[in-house]
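S.K.: File work-v1.cif follows (mmCIF, N, CA and C atoms):
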```
data_model
#
loop_
_atom_site.label_atom_id
_atom_site.label_comp_id
_atom_site.auth_asym_id
_atom_site.auth_seq_id
_atom_site.Cartn_x
_atom_site.Cartn_y
_atom_site.Cartn_z
N MET H 1489 -6.57 12.60 6.74
CA MET H 1489 -7.67 12.15 5.90
C MET H 1489 -7.35 10.74 5.41
N PRO H 1490 -8.15 9.75 5.77
CA PRO H 1490 -7.87 8.38 5.35
C PRO H 1490 -8.04 8.23 3.85
N SER H 1491 -7.28 7.33 3.29
CA SER H 1491 -7.34 7.12 1.85
C SER H 1491 -8.43 6.13 1.50
N VAL H 1492 -8.82 6.14 0.25
CA VAL H 1492 -9.83 5.20 -0.26
C VAL H 1492 -9.32 3.78 -0.13
N PHE H 1493 -8.04 3.59 -0.45
CA PHE H 1493 -7.44 2.26 -0.37
C PHE H 1493 -7.51 1.73 1.06
N ALA H 1494 -7.15 2.56 2.03
CA ALA H 1494 -7.17 2.13 3.43
C ALA H 1494 -8.58 1.78 3.87
N ASP H 1495 -9.56 2.59 3.46
CA ASP H 1495 -10.95 2.31 3.83
C ASP H 1495 -11.42 0.98 3.26
N ARG H 1496 -11.13 0.74 2.00
CA ARG H 1496 -11.56 -0.52 1.36
C ARG H 1496 -10.84 -1.71 1.98
N PHE H 1497 -9.55 -1.56 2.24
CA PHE H 1497 -8.79 -2.64 2.86
C PHE H 1497 -9.37 -2.96 4.24
N TYR H 1498 -9.69 -1.93 5.01
CA TYR H 1498 -10.27 -2.13 6.34
C TYR H 1498 -11.61 -2.88 6.24
N LEU H 1499 -12.46 -2.48 5.28
CA LEU H 1499 -13.75 -3.15 5.13
C LEU H 1499 -13.59 -4.62 4.76
N MET H 1500 -12.66 -4.90 3.85
CA MET H 1500 -12.45 -6.30 3.46
C MET H 1500 -11.88 -7.11 4.62
N ALA H 1501 -10.96 -6.51 5.39
CA ALA H 1501 -10.40 -7.22 6.53
C ALA H 1501 -11.47 -7.47 7.58
N THR H 1502 -12.36 -6.50 7.77
CA THR H 1502 -13.46 -6.67 8.73
C THR H 1502 -14.38 -7.81 8.31
N LYS H 1503 -14.68 -7.87 7.00
CA LYS H 1503 -15.52 -8.97 6.51
C LYS H 1503 -14.86 -10.32 6.76
N LEU H 1504 -13.57 -10.39 6.49
CA LEU H 1504 -12.85 -11.65 6.72
C LEU H 1504 -12.85 -12.02 8.19
N ASN H 1505 -12.64 -11.03 9.08
CA ASN H 1505 -12.63 -11.31 10.51
C ASN H 1505 -13.99 -11.80 10.98
N LYS H 1506 -15.07 -11.17 10.50
CA LYS H 1506 -16.41 -11.61 10.89
C LYS H 1506 -16.67 -13.03 10.41
N LEU H 1507 -16.27 -13.30 9.18
CA LEU H 1507 -16.49 -14.62 8.62
C LEU H 1507 -15.70 -15.68 9.39
N SER H 1508 -14.44 -15.39 9.70
CA SER H 1508 -13.63 -16.38 10.38
C SER H 1508 -14.00 -16.53 11.85
N SER H 1509 -14.48 -15.44 12.49
CA SER H 1509 -14.83 -15.54 13.90
C SER H 1509 -16.18 -16.24 14.10
N SER H 1510 -16.99 -16.30 13.04
CA SER H 1510 -18.30 -16.94 13.18
C SER H 1510 -18.21 -18.46 13.06
N ARG H 1511 -17.05 -18.96 12.69
CA ARG H 1511 -16.86 -20.41 12.53
C ARG H 1511 -15.95 -20.95 13.62
N THR H 1512 -16.22 -22.17 14.00
CA THR H 1512 -15.30 -22.87 14.87
C THR H 1512 -14.38 -23.69 13.98
N ILE H 1513 -13.11 -23.35 14.00
CA ILE H 1513 -12.17 -24.01 13.10
C ILE H 1513 -11.34 -25.02 13.89
N GLU H 1514 -11.48 -26.28 13.54
CA GLU H 1514 -10.71 -27.32 14.18
C GLU H 1514 -9.46 -27.65 13.38
N GLN H 1515 -9.53 -27.43 12.08
CA GLN H 1515 -8.40 -27.63 11.20
C GLN H 1515 -8.47 -26.59 10.10
N HIS H 1516 -7.44 -26.51 9.31
CA HIS H 1516 -7.39 -25.49 8.28
C HIS H 1516 -8.51 -25.68 7.26
N THR H 1517 -9.25 -24.60 7.01
CA THR H 1517 -10.29 -24.63 5.98
C THR H 1517 -10.16 -23.38 5.12
N PHE H 1518 -10.66 -23.46 3.92
CA PHE H 1518 -10.69 -22.33 3.03
C PHE H 1518 -12.06 -21.68 3.09
N LEU H 1519 -12.13 -20.40 2.69
CA LEU H 1519 -13.43 -19.75 2.63
C LEU H 1519 -14.34 -20.54 1.70
N SER H 1520 -15.53 -20.82 2.13
CA SER H 1520 -16.41 -21.60 1.28
C SER H 1520 -17.69 -20.85 0.93
N ASP H 1521 -17.92 -19.68 1.53
CA ASP H 1521 -19.09 -18.88 1.21
C ASP H 1521 -18.82 -18.14 -0.09
N ILE H 1522 -19.34 -18.65 -1.18
CA ILE H 1522 -19.03 -18.13 -2.51
C ILE H 1522 -19.49 -16.69 -2.69
N SER H 1523 -20.58 -16.29 -2.02
CA SER H 1523 -21.05 -14.90 -2.15
C SER H 1523 -20.03 -13.92 -1.57
N GLU H 1524 -19.41 -14.29 -0.46
CA GLU H 1524 -18.36 -13.45 0.13
C GLU H 1524 -17.15 -13.35 -0.79
N ILE H 1525 -16.80 -14.46 -1.40
CA ILE H 1525 -15.66 -14.47 -2.32
C ILE H 1525 -15.94 -13.59 -3.53
N HIS H 1526 -17.15 -13.68 -4.07
CA HIS H 1526 -17.52 -12.84 -5.21
C HIS H 1526 -17.53 -11.36 -4.83
N GLN H 1527 -18.00 -11.05 -3.64
CA GLN H 1527 -18.02 -9.66 -3.17
C GLN H 1527 -16.59 -9.12 -3.04
N MET H 1528 -15.70 -9.90 -2.43
CA MET H 1528 -14.31 -9.47 -2.28
C MET H 1528 -13.63 -9.33 -3.63
N GLU H 1529 -13.92 -10.25 -4.54
CA GLU H 1529 -13.34 -10.17 -5.88
C GLU H 1529 -13.79 -8.89 -6.58
N GLY H 1530 -15.07 -8.57 -6.47
CA GLY H 1530 -15.60 -7.34 -7.06
C GLY H 1530 -14.95 -6.10 -6.46
N ASP H 1531 -14.79 -6.10 -5.12
CA ASP H 1531 -14.14 -4.96 -4.46
C ASP H 1531 -12.70 -4.80 -4.92
N LEU H 1532 -11.99 -5.91 -5.07
CA LEU H 1532 -10.60 -5.84 -5.52
C LEU H 1532 -10.50 -5.37 -6.97
N LEU H 1533 -11.42 -5.81 -7.81
CA LEU H 1533 -11.42 -5.37 -9.20
C LEU H 1533 -11.73 -3.87 -9.30
N LYS H 1534 -12.66 -3.38 -8.47
CA LYS H 1534 -12.94 -1.93 -8.45
C LYS H 1534 -11.71 -1.15 -7.98
N LEU H 1535 -11.04 -1.67 -6.98
CA LEU H 1535 -9.83 -1.03 -6.48
C LEU H 1535 -8.75 -0.99 -7.55
N LEU H 1536 -8.59 -2.07 -8.28
CA LEU H 1536 -7.61 -2.12 -9.37
C LEU H 1536 -7.97 -1.12 -10.47
N GLU H 1537 -9.26 -1.05 -10.80
CA GLU H 1537 -9.71 -0.10 -11.82
C GLU H 1537 -9.43 1.34 -11.39
N GLU H 1538 -9.70 1.66 -10.14
CA GLU H 1538 -9.43 3.01 -9.64
C GLU H 1538 -7.94 3.30 -9.64
N PHE H 1539 -7.13 2.29 -9.34
CA PHE H 1539 -5.68 2.48 -9.37
C PHE H 1539 -5.22 2.80 -10.78
N HIS H 1540 -5.67 2.02 -11.76
CA HIS H 1540 -5.26 2.23 -13.15
C HIS H 1540 -5.78 3.57 -13.69
N ALA H 1541 -6.92 4.02 -13.20
CA ALA H 1541 -7.50 5.29 -13.65
C ALA H 1541 -6.84 6.49 -12.94
N GLY H 1542 -6.00 6.22 -11.94
CA GLY H 1542 -5.32 7.31 -11.23
C GLY H 1542 -6.18 8.01 -10.20
N ARG H 1543 -7.25 7.35 -9.76
CA ARG H 1543 -8.15 7.98 -8.78
C ARG H 1543 -7.78 7.69 -7.34
N LEU H 1544 -6.81 6.82 -7.10
CA LEU H 1544 -6.42 6.51 -5.73
C LEU H 1544 -5.40 7.53 -5.24
N GLN H 1545 -5.58 7.99 -4.04
CA GLN H 1545 -4.66 8.94 -3.43
C GLN H 1545 -4.22 8.37 -2.09
N VAL H 1546 -3.17 7.58 -2.13
CA VAL H 1546 -2.72 6.88 -0.94
C VAL H 1546 -2.26 7.85 0.13
N PHE H 1547 -1.58 8.94 -0.29
CA PHE H 1547 -1.04 9.88 0.68
C PHE H 1547 -1.87 11.15 0.80
N GLY H 1548 -3.05 11.18 0.24
CA GLY H 1548 -3.91 12.35 0.30
C GLY H 1548 -3.76 13.22 -0.92
N ALA H 1549 -4.69 14.15 -1.07
CA ALA H 1549 -4.73 15.01 -2.25
C ALA H 1549 -3.57 15.99 -2.30
N GLU H 1550 -3.03 16.36 -1.16
CA GLU H 1550 -1.96 17.35 -1.12
C GLU H 1550 -0.60 16.78 -1.51
N CYS H 1551 -0.51 15.48 -1.67
CA CYS H 1551 0.76 14.84 -1.99
C CYS H 1551 0.70 14.29 -3.41
N SER H 1552 1.22 15.07 -4.36
CA SER H 1552 1.15 14.67 -5.77
C SER H 1552 2.32 13.78 -6.13
N LEU H 1553 2.23 13.16 -7.31
CA LEU H 1553 3.30 12.32 -7.81
C LEU H 1553 4.57 13.14 -8.03
N GLU H 1554 4.41 14.38 -8.47
CA GLU H 1554 5.57 15.25 -8.68
C GLU H 1554 6.31 15.50 -7.37
N LYS H 1555 5.56 15.73 -6.30
CA LYS H 1555 6.20 15.94 -4.99
C LYS H 1555 6.95 14.68 -4.54
N LEU H 1556 6.33 13.52 -4.75
CA LEU H 1556 6.98 12.27 -4.38
C LEU H 1556 8.26 12.05 -5.18
N GLU H 1557 8.21 12.37 -6.48
CA GLU H 1557 9.41 12.23 -7.30
C GLU H 1557 10.50 13.19 -6.85
N HIS H 1558 10.11 14.41 -6.46
CA HIS H 1558 11.08 15.39 -5.97
C HIS H 1558 11.75 14.88 -4.68
N VAL H 1559 10.97 14.30 -3.80
CA VAL H 1559 11.53 13.73 -2.56
C VAL H 1559 12.50 12.60 -2.88
N ARG H 1560 12.13 11.77 -3.85
CA ARG H 1560 13.02 10.67 -4.26
C ARG H 1560 14.35 11.20 -4.78
N VAL H 1561 14.30 12.25 -5.61
CA VAL H 1561 15.53 12.84 -6.15
C VAL H 1561 16.38 13.41 -5.03
N MET H 1562 15.75 14.08 -4.08
CA MET H 1562 16.51 14.63 -2.94
C MET H 1562 17.16 13.51 -2.12
N GLN H 1563 16.44 12.40 -1.91
CA GLN H 1563 17.00 11.29 -1.16
C GLN H 1563 18.16 10.65 -1.92
N GLU H 1564 18.04 10.54 -3.24
CA GLU H 1564 19.14 10.00 -4.03
C GLU H 1564 20.36 10.90 -3.95
N ASN H 1565 20.15 12.21 -4.02
CA ASN H 1565 21.27 13.15 -3.90
C ASN H 1565 21.93 13.05 -2.54
N LEU H 1566 21.13 12.90 -1.51
CA LEU H 1566 21.68 12.76 -0.16
C LEU H 1566 22.50 11.47 -0.06
N SER H 1567 22.02 10.40 -0.65
CA SER H 1567 22.77 9.14 -0.65
C SER H 1567 24.10 9.29 -1.36
N LYS H 1568 24.10 9.99 -2.49
CA LYS H 1568 25.36 10.23 -3.21
C LYS H 1568 26.34 11.01 -2.35
N LYS H 1569 25.84 12.01 -1.63
CA LYS H 1569 26.71 12.80 -0.74
C LYS H 1569 27.31 11.91 0.35
N HIS H 1570 26.51 10.99 0.88
CA HIS H 1570 27.02 10.07 1.91
C HIS H 1570 28.14 9.21 1.34
N PHE H 1571 27.95 8.69 0.13
CA PHE H 1571 29.00 7.88 -0.49
C PHE H 1571 30.25 8.71 -0.77
N GLU H 1572 30.06 9.95 -1.20
CA GLU H 1572 31.21 10.83 -1.45
C GLU H 1572 31.97 11.09 -0.16
N CYS H 1573 31.25 11.35 0.91
CA CYS H 1573 31.91 11.60 2.20
C CYS H 1573 32.63 10.35 2.69
N ASP H 1574 32.01 9.21 2.50
CA ASP H 1574 32.59 7.96 2.97
C ASP H 1574 33.87 7.63 2.21
N SER H 1575 33.91 7.98 0.93
CA SER H 1575 35.08 7.64 0.13
C SER H 1575 36.16 8.72 0.16
N SER H 1576 35.84 9.87 0.70
CA SER H 1576 36.83 10.95 0.74
C SER H 1576 37.65 10.88 2.03
N ASP H 1577 38.60 11.76 2.11
CA ASP H 1577 39.49 11.83 3.28
C ASP H 1577 38.74 12.38 4.48
N PRO H 1578 38.71 11.67 5.60
CA PRO H 1578 37.97 12.13 6.80
C PRO H 1578 38.44 13.49 7.32
N GLU H 1579 39.68 13.88 7.02
CA GLU H 1579 40.17 15.16 7.51
C GLU H 1579 39.52 16.33 6.81
N LYS H 1580 38.89 16.11 5.65
CA LYS H 1580 38.21 17.16 4.91
C LYS H 1580 36.87 17.52 5.53
N TRP H 1581 36.36 16.70 6.39
CA TRP H 1581 35.03 16.96 6.96
C TRP H 1581 35.18 18.11 7.90
#
```
Would you give me this structure, written as structure tokens?
M.R.:
Amino acid sequence: MPSVFADRFYLMATKLNKLSSSRTIEQHTFLSDISEIHQMEGDLLKLLEEFHAGRLQVFGAECSLEKLEHVRVMQENLSKKHFECDSSDPEKW
């Protein structure tokens, strides 16, 4: 299931590609269509608002923050075990 963030990012990238492909660029230019800039700014502000409100689900609804924190703790514990093994006597393995 695609995330809201990915969908919005894809739409903004598509708009930029259409805008840039419709112009013949001989040298570096900046976007000059102010309506496109305002639209992208609005989309980014909505995305930021949804992020702050906790409505974005980058990894899907089944992957909660608690699960991600649990995975982080497990990875940290695994790293500690690696350091312990590395610093201990190899004959103990």
S.K.: Given all atoms listed in the file as the basis, pick out the residue of H:Phe1547, H:Val1559, H:Ile1522, H:Met1528 nearest to H:Met1500.
M.R.: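 Result for the nearest residue to H:Met1500: H:Met1528.
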S.K.: Please measure the separation of atom CA of H:Thr1502 and atom N of H:Asp1531, giving the value in Å to one decimal.
M.R.: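 About the pair atom CA of H:Thr1502 and atom N of H:Asp1531: they are 13.9 Å apart.
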S.K.: Quote the spacing between atom CA of H:His1526 and atom C of H:Lys1503 in Å to one decimal place.
M.R.: 12.5 Å
S.K.: Would you give me, as an MDAnalysis selection string, the residues in stretch 1516-1563 of chain H that DSSP reads as helix (DSSP H, G or I)?
M.R.: chainID H and resid 1522:1541 1553:1563
